[in-house]
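**Student:** What follows is my_file_36.cif, mmCIF, C-alpha atoms.
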```
data_input
loop_
_atom_site.label_atom_id
_atom_site.label_comp_id
_atom_site.auth_asym_id
_atom_site.auth_seq_id
_atom_site.Cartn_x
_atom_site.Cartn_y
_atom_site.Cartn_z
CA MET A 1 282.67 87.83 -28.87
CA GLY A 2 281.02 90.35 -26.52
CA VAL A 3 278.13 89.78 -24.15
CA ASN A 4 274.66 90.96 -25.21
CA ARG A 5 273.46 93.44 -22.56
CA SER A 6 269.77 93.20 -23.53
CA GLN A 7 269.30 90.16 -21.28
CA PRO A 8 270.73 89.02 -17.93
CA ARG A 9 274.51 89.03 -18.20
CA TYR A 10 274.99 85.47 -17.02
CA ARG A 11 272.47 84.20 -19.58
CA ALA A 12 274.11 86.18 -22.38
CA LEU A 13 277.55 84.90 -21.38
CA ALA A 14 276.25 81.33 -21.25
CA GLU A 15 275.03 81.73 -24.84
CA VAL A 16 278.43 83.08 -25.92
CA LEU A 17 280.21 80.13 -24.34
CA GLN A 18 277.74 77.66 -25.77
CA LYS A 19 278.34 79.08 -29.24
CA ASP A 20 282.08 78.66 -28.69
CA LEU A 21 281.43 74.96 -27.99
CA GLN A 22 279.27 74.54 -31.08
CA ASP A 23 281.85 76.32 -33.26
CA GLY A 24 284.52 73.87 -32.14
CA ARG A 25 286.57 76.35 -30.15
CA TYR A 26 286.45 74.02 -27.15
CA PRO A 27 286.03 70.34 -28.17
CA VAL A 28 284.79 67.62 -25.86
CA GLY A 29 287.46 67.00 -23.24
CA ALA A 30 288.90 70.50 -23.43
CA VAL A 31 289.23 72.67 -20.33
CA LEU A 32 287.57 76.07 -20.45
CA PRO A 33 289.48 79.19 -19.37
CA GLY A 34 289.44 79.87 -15.64
CA GLU A 35 286.95 82.17 -13.97
CA LEU A 36 289.33 85.12 -13.73
CA GLU A 37 290.27 84.85 -17.39
CA LEU A 38 286.58 84.80 -18.39
CA VAL A 39 285.95 87.82 -16.15
CA SER A 40 288.71 89.77 -17.92
CA ARG A 41 287.85 88.57 -21.43
CA HIS A 42 284.12 89.32 -21.25
CA ARG A 43 284.24 92.25 -18.81
CA VAL A 44 281.73 90.78 -16.39
CA SER A 45 281.75 89.98 -12.68
CA ARG A 46 282.92 86.71 -11.20
CA HIS A 47 279.34 86.05 -10.05
CA THR A 48 278.18 86.40 -13.68
CA VAL A 49 280.80 83.89 -14.82
CA ARG A 50 279.81 81.38 -12.15
CA GLU A 51 276.11 81.66 -13.02
CA ALA A 52 276.86 81.25 -16.74
CA LEU A 53 278.90 78.12 -16.04
CA ARG A 54 276.12 76.80 -13.86
CA CYS A 55 273.72 77.17 -16.80
CA LEU A 56 276.03 75.17 -19.05
CA GLU A 57 276.50 72.54 -16.36
CA GLU A 58 272.74 72.12 -15.96
CA GLN A 59 272.45 71.60 -19.72
CA GLY A 60 274.96 68.76 -19.48
CA LEU A 61 277.62 70.59 -21.51
CA ILE A 62 280.37 70.88 -18.88
CA THR A 63 281.48 69.51 -15.55
CA ARG A 64 283.38 71.50 -12.92
CA ASN A 65 285.98 69.65 -10.89
CA ARG A 66 288.14 71.07 -8.13
CA GLY A 67 291.79 70.87 -9.11
CA ILE A 68 291.01 70.13 -12.76
CA GLY A 69 288.83 72.98 -13.94
CA THR A 70 285.78 73.20 -16.17
CA VAL A 71 285.76 70.33 -18.66
CA VAL A 72 283.62 70.20 -21.80
CA THR A 73 281.51 67.03 -21.78
CA ALA A 74 279.14 67.67 -24.73
CA LEU A 75 278.56 70.16 -27.54
CA GLU A 76 274.76 69.85 -27.45
CA SER A 77 272.36 69.26 -24.59
CA PRO A 78 271.70 65.51 -24.35
CA PRO A 79 268.39 64.35 -25.90
CA GLY A 80 265.53 64.74 -23.49
CA ARG A 81 267.29 67.47 -21.56
CA VAL A 82 265.04 70.42 -20.77
CA GLN A 83 266.22 74.01 -20.62
CA ARG A 84 266.50 75.08 -16.99
CA LEU A 85 265.79 78.50 -15.58
CA ALA A 86 267.73 80.23 -12.85
CA SER A 87 264.47 81.44 -11.31
CA PRO A 88 260.73 81.24 -11.99
CA ALA A 89 260.83 84.92 -12.97
CA GLU A 90 262.83 84.09 -16.09
CA TRP A 91 259.78 82.56 -17.71
CA MET A 92 257.90 85.34 -19.51
CA ARG A 93 260.30 88.01 -18.30
CA TYR A 94 259.05 91.59 -18.41
CA PRO A 95 260.96 94.43 -20.12
CA GLU A 96 263.95 95.61 -18.12
CA GLY A 97 263.06 98.54 -15.89
CA SER A 98 259.34 97.84 -15.72
CA ARG A 99 257.92 98.19 -12.21
CA LEU A 100 254.90 97.35 -10.11
CA VAL A 101 252.82 100.26 -8.83
CA VAL A 102 250.62 99.11 -5.95
CA LEU A 103 247.02 100.31 -6.05
CA ALA A 104 245.53 98.60 -3.02
CA THR A 105 246.00 95.85 -0.45
CA ASP A 106 243.03 94.04 1.04
CA GLU A 107 241.80 90.75 2.44
CA VAL A 108 239.72 88.43 0.30
CA VAL A 109 237.91 85.16 0.87
CA ALA A 110 238.33 82.62 -1.92
CA ASP A 111 235.00 81.73 -3.50
CA GLY A 112 234.50 78.92 -6.02
CA GLU A 113 236.23 80.51 -9.03
CA LEU A 114 239.01 82.18 -7.06
CA ALA A 115 239.55 79.08 -4.95
CA SER A 116 240.14 77.15 -8.15
CA SER A 117 242.75 79.65 -9.33
CA LEU A 118 244.47 79.66 -5.95
CA ALA A 119 244.26 75.87 -5.56
CA CYS A 120 242.78 76.23 -2.08
CA LYS A 121 239.61 75.38 -0.19
CA ARG A 122 236.60 77.65 -0.45
CA GLY A 123 236.41 80.17 2.36
CA THR A 124 240.21 80.46 2.72
CA HIS A 125 241.38 83.98 3.62
CA TRP A 126 244.15 85.61 1.57
CA CYS A 127 245.94 88.95 1.52
CA ARG A 128 245.63 90.44 -1.97
CA VAL A 129 247.89 93.10 -3.47
CA ARG A 130 246.56 94.79 -6.60
CA ALA A 131 249.11 96.54 -8.80
CA LEU A 132 249.79 97.90 -12.27
CA ARG A 133 252.96 97.05 -14.16
CA ARG A 134 254.35 100.12 -15.87
CA LEU A 135 257.22 100.58 -18.26
CA LYS A 136 260.33 102.44 -17.22
CA GLY A 137 260.13 106.20 -16.77
CA ARG A 138 257.72 108.66 -15.30
CA GLY A 139 254.23 108.10 -16.64
CA GLY A 140 255.37 104.94 -18.41
CA ALA A 141 252.75 102.95 -20.30
CA VAL A 142 250.79 100.32 -18.38
CA ILE A 143 251.42 96.84 -19.78
CA GLY A 144 249.60 94.71 -17.24
CA TRP A 145 247.61 94.24 -14.06
CA SER A 146 248.79 91.97 -11.26
CA ASP A 147 246.86 90.44 -8.39
CA ILE A 148 249.26 88.94 -5.84
CA TYR A 149 247.77 86.54 -3.28
CA LEU A 150 249.51 85.78 0.00
CA PRO A 151 248.31 83.42 2.77
CA LYS A 152 247.47 85.39 5.90
CA GLU A 153 250.60 84.20 7.71
CA TYR A 154 252.77 85.79 4.99
CA ALA A 155 250.74 89.01 4.68
CA ALA A 156 253.59 91.08 6.17
CA VAL A 157 255.43 90.73 2.86
CA ALA A 158 252.74 92.79 1.10
CA ILE A 159 254.25 96.08 2.25
CA SER A 160 257.44 95.39 0.27
CA VAL A 161 255.72 94.79 -3.08
CA GLY A 162 256.79 97.44 -5.57
CA LYS A 163 259.35 98.90 -3.15
CA ALA A 164 262.09 96.42 -2.41
CA GLY A 165 264.23 94.84 -5.09
CA GLY A 166 263.77 91.19 -6.00
CA TYR A 167 260.65 89.09 -6.29
CA VAL A 168 257.81 88.39 -3.90
CA TYR A 169 258.63 84.70 -3.54
CA GLU A 170 262.21 85.66 -2.63
CA ALA A 171 260.92 87.99 0.10
CA ILE A 172 258.83 85.14 1.54
CA GLU A 173 261.80 82.78 1.47
CA LYS A 174 264.05 85.31 3.16
CA ARG A 175 261.61 86.47 5.85
CA PHE A 176 259.86 83.23 6.73
CA GLY A 177 262.36 80.55 5.74
CA ALA A 178 259.94 79.03 3.24
CA ARG A 179 261.35 77.53 0.06
CA VAL A 180 259.83 77.23 -3.41
CA GLU A 181 259.93 73.61 -4.53
CA THR A 182 257.60 73.76 -7.54
CA VAL A 183 255.97 76.47 -9.64
CA GLU A 184 252.85 75.83 -11.68
CA VAL A 185 252.33 78.13 -14.65
CA GLU A 186 249.12 78.57 -16.61
CA LEU A 187 248.33 80.75 -19.62
CA ARG A 188 244.68 81.62 -20.06
CA ALA A 189 242.62 83.67 -22.49
CA GLU A 190 240.45 86.09 -20.48
CA VAL A 191 238.50 89.31 -20.85
CA LEU A 192 239.13 92.29 -18.61
CA ASP A 193 236.50 93.30 -16.11
CA ALA A 194 235.61 96.95 -15.52
CA ILE A 195 238.12 97.51 -12.70
CA ARG A 196 241.14 96.07 -14.50
CA ALA A 197 240.16 97.66 -17.80
CA LYS A 198 239.86 101.11 -16.23
CA GLY A 199 243.22 100.73 -14.52
CA MET A 200 244.88 99.94 -17.83
CA GLY A 201 242.97 102.50 -19.87
CA VAL A 202 241.11 100.06 -22.12
CA LYS A 203 237.48 99.11 -22.62
CA SER A 204 235.77 96.62 -20.33
CA GLY A 205 235.62 93.25 -22.04
CA THR A 206 238.94 93.70 -23.84
CA PRO A 207 240.61 90.33 -24.54
CA SER A 208 243.60 89.62 -22.34
CA LEU A 209 246.39 87.12 -21.80
CA ALA A 210 246.38 85.93 -18.18
CA LEU A 211 249.45 84.36 -16.62
CA VAL A 212 248.92 82.42 -13.38
CA ARG A 213 251.85 81.30 -11.25
CA ARG A 214 251.39 79.10 -8.16
CA TYR A 215 254.37 78.67 -5.86
CA ARG A 216 254.39 75.55 -3.68
CA GLY A 217 256.63 74.74 -0.74
CA ARG A 218 258.15 71.49 0.48
CA ASP A 219 254.83 70.30 1.86
CA GLY A 220 253.08 70.92 -1.47
CA ARG A 221 251.03 73.80 -0.07
CA VAL A 222 250.57 76.92 -2.18
CA PHE A 223 252.13 79.90 -0.41
CA LEU A 224 251.99 82.50 -3.20
CA VAL A 225 249.86 83.01 -6.30
CA THR A 226 250.26 85.77 -8.86
CA ILE A 227 247.71 86.42 -11.58
CA ALA A 228 248.89 88.90 -14.22
CA GLU A 229 246.66 90.08 -17.04
CA HIS A 230 247.78 91.88 -20.18
CA PRO A 231 245.60 93.50 -22.85
CA ALA A 232 246.13 91.53 -26.04
CA GLU A 233 247.56 94.46 -28.00
CA ARG A 234 250.12 95.36 -25.32
CA TYR A 235 251.93 92.10 -24.67
CA THR A 236 253.37 89.45 -26.93
CA TYR A 237 255.25 86.34 -25.86
CA GLY A 238 257.38 84.39 -28.27
CA PHE A 239 260.26 81.95 -28.35
CA ARG A 240 262.37 80.19 -30.94
CA LEU A 241 263.40 76.56 -31.21
CA ARG A 242 266.15 74.92 -33.25
CA ARG A 243 266.88 71.31 -34.10
CA SER A 244 269.81 69.57 -32.47
CA ARG A 245 272.57 68.57 -34.84
CA ASP A 246 271.36 64.99 -34.94
CA GLY A 247 267.78 66.17 -35.58
CA ALA A 248 266.44 64.13 -32.68
CA VAL A 249 265.18 66.95 -30.47
CA TRP A 250 264.21 70.61 -30.51
CA LEU A 251 266.19 72.96 -28.28
CA PRO A 252 265.54 76.51 -27.04
CA ASP A 253 267.52 78.98 -29.14
#
```
Have the structure of the file written as structure tokens, please.

**Tutor:**
Amino acid sequence: MGVNRSQPRYRALAEVLQKDLQDGRYPVGAVLPGELELVSRHRVSRHTVREALRCLEEQGLITRNRGIGTVVTALESPPGRVQRLASPAEWMRYPEGSRLVVLATDEVVADGELASSLACKRGTHWCRVRALRRLKGRGGAVIGWSDIYLPKEYAAVAISVGKAGGYVYEAIEKRFGARVETVEVELRAEVLDAIRAKGMGVKSGTPSLALVRRYRGRDGRVFLVTIAEHPAERYTYGFRLRRSRDGAVWLPD
């Protein structure tokens, strides 16, 4: 069975392998093919294979042992197991090829409402990057507005937004040695103010779906907040669940 290219390759390969387990191709106790064989069979990189196996291991389906290989330990994720993500960006992923187009960078002081969103004290200074998210291609449609908030000590990262590959939190980790320990995610129903509405070509007061992500480090302090808003008619988020074979739990499908 081939790998679906419409999603990250490692995730698609993990789904293929998981289906093989569920179909009985590899029963509990069986040893999966080696990395090189999986590379050849599915025409993917070795990195993709390793990430796919990591996904299965985190779901409790396999164990990897040096000298033995990759052993199947379960055909379904154990009850109570939660689907894990390789990165915070996998939750509510944007269409492939979409990009951020920076409009402005400024300094803001968190007032009452903003301080609540940023989980900080009133009067705290932040670097704010304002950007539009556009679909792939020249003149691509605008699907959202993003406000990215950085503490002043990490403001140097702002210049890379929309230019360098990867995500903002990764740039902070790489440049400053910080590490994301937890990510808080909120979905809110909002209405677009005049500035955001104009930037996205809709009327002021248009209903929107707002996605707030707060990234916290080892000390629990927030070191990055992104607030993305999407006009209701331009963005839909959905997911599908299926029952486990024993009917005890619902699993991501």

**Student:** Exactly which residues make up the result of the PyMOL selection byres ((chain A and resi 211-219) around 7) on this file, given as a list of chain:residue names?

**Tutor:**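 The output of the PyMOL selection byres ((chain A and resi 211-219) around 7) on this file is A:Ala178, A:Arg179, A:Val180, A:Glu181, A:Thr182, A:Val183, A:Glu184, A:Val185, A:Glu186, A:Leu187, A:Arg188, A:Leu209, A:Ala210, A:Gly220, A:Arg221, A:Val222, A:Phe223, A:Leu224, A:Val225, A:Thr226, A:Ile227, A:Ala228, A:Glu229.
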
**Student:** Need to verify the contact set: stretch 153-156 of chain A, 9 Å, all atoms listed in the file, exclusion of same-chain residues closer than 6 positions in sequence. Can you return it as number ranges by chain?

**Tutor:** A: 126-128, 172, 175-176, 223-224

**Student:** Would you save the residues of that selection, restricted to C-alpha atoms, as a PDB file, in the coordinates of the input?

**Tutor:**
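Resulting contents of selection05.pdb:
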```
ATOM      1  CA  TRP A 126     244.150  85.610   1.570  1.00  0.00           C
ATOM      2  CA  CYS A 127     245.940  88.950   1.520  1.00  0.00           C
ATOM      3  CA  ARG A 128     245.630  90.440  -1.970  1.00  0.00           C
ATOM      4  CA  ILE A 172     258.830  85.140   1.540  1.00  0.00           C
ATOM      5  CA  ARG A 175     261.610  86.470   5.850  1.00  0.00           C
ATOM      6  CA  PHE A 176     259.860  83.230   6.730  1.00  0.00           C
ATOM      7  CA  PHE A 223     252.130  79.900  -0.410  1.00  0.00           C
ATOM      8  CA  LEU A 224     251.990  82.500  -3.200  1.00  0.00           C
TER       9      LEU A 224
END
```

**Student:** Which residues are close to stretch 46-55 of chain A, i.e. within 8 Å by all atoms listed in the file, leaving aside same-chain residues fewer than 2 positions away? Reply as an mmCIF file with C-alpha atoms, keeping the file's coordinate frame.

**Tutor:**
```cif
data_model
loop_
_atom_site.group_PDB
_atom_site.id
_atom_site.type_symbol
_atom_site.label_atom_id
_atom_site.label_comp_id
_atom_site.auth_asym_id
_atom_site.auth_seq_id
_atom_site.Cartn_x
_atom_site.Cartn_y
_atom_site.Cartn_z
ATOM 1 C CA ARG A 9 274.510 89.030 -18.200
ATOM 2 C CA TYR A 10 274.990 85.470 -17.020
ATOM 3 C CA ARG A 11 272.470 84.200 -19.580
ATOM 4 C CA ALA A 12 274.110 86.180 -22.380
ATOM 5 C CA LEU A 13 277.550 84.900 -21.380
ATOM 6 C CA ALA A 14 276.250 81.330 -21.250
ATOM 7 C CA GLU A 35 286.950 82.170 -13.970
ATOM 8 C CA LEU A 36 289.330 85.120 -13.730
ATOM 9 C CA LEU A 38 286.580 84.800 -18.390
ATOM 10 C CA VAL A 39 285.950 87.820 -16.150
ATOM 11 C CA VAL A 44 281.730 90.780 -16.390
ATOM 12 C CA GLU A 57 276.500 72.540 -16.360
ATOM 13 C CA GLU A 58 272.740 72.120 -15.960
ATOM 14 C CA GLN A 59 272.450 71.600 -19.720
ATOM 15 C CA ILE A 62 280.370 70.880 -18.880
ATOM 16 C CA ARG A 84 266.500 75.080 -16.990
ATOM 17 C CA ALA A 86 267.730 80.230 -12.850
#
```

**Student:** Which one is closest to A:Thr70: A:Gly29, A:Thr105, A:Leu100, A:Arg41? Count all atoms listed in the file.

**Tutor:**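 Smallest separation from A:Thr70 among the options: A:Gly29.
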
**Student:** Tell me which of A:Leu56, A:Ala119, A:Val108, A:Ile148 sits closest to A:Glu15, counting only C-alpha atoms.

**Tutor:**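 Closest to A:Glu15 of all the choices is A:Leu56.
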
**Student:** Which distance in Å separates atom CA of A:Arg133 and atom CA of A:Val102, to one decimal?

**Tutor:**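 One can read the atom CA of A:Arg133 to atom CA of A:Val102 distance as 8.8 Å.
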
**Student:** Applying 10 Å and only C-alpha atoms, which residues near A:Leu192 remain after dropping the ones on its own chain fewer than 4 positions away? List them as a ChimeraX atom specification.

**Tutor:** /A:145,196-198,200,202-210,229-231

**Student:** Between atom CA of A:Asp23 and atom CA of A:Gly69, what is the distance, to one decimal in Å?

**Tutor:**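 These atoms are spaced 20.8 Å apart.
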
**Student:** By how many Å are atom CA of A:His42 and atom CA of A:Tyr26 apart?

**Tutor:**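 Atom CA of A:His42 sits 16.6 Å away from atom CA of A:Tyr26.
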
**Student:** Once the PyMOL selection byres ((chain A and resi 73) around 8) is applied to the coordinates I shared, what remains selected? I want it as a VMD selection string.

**Tutor:** chain A and resid 28 to 29 60 to 63 71 to 72 74 to 75
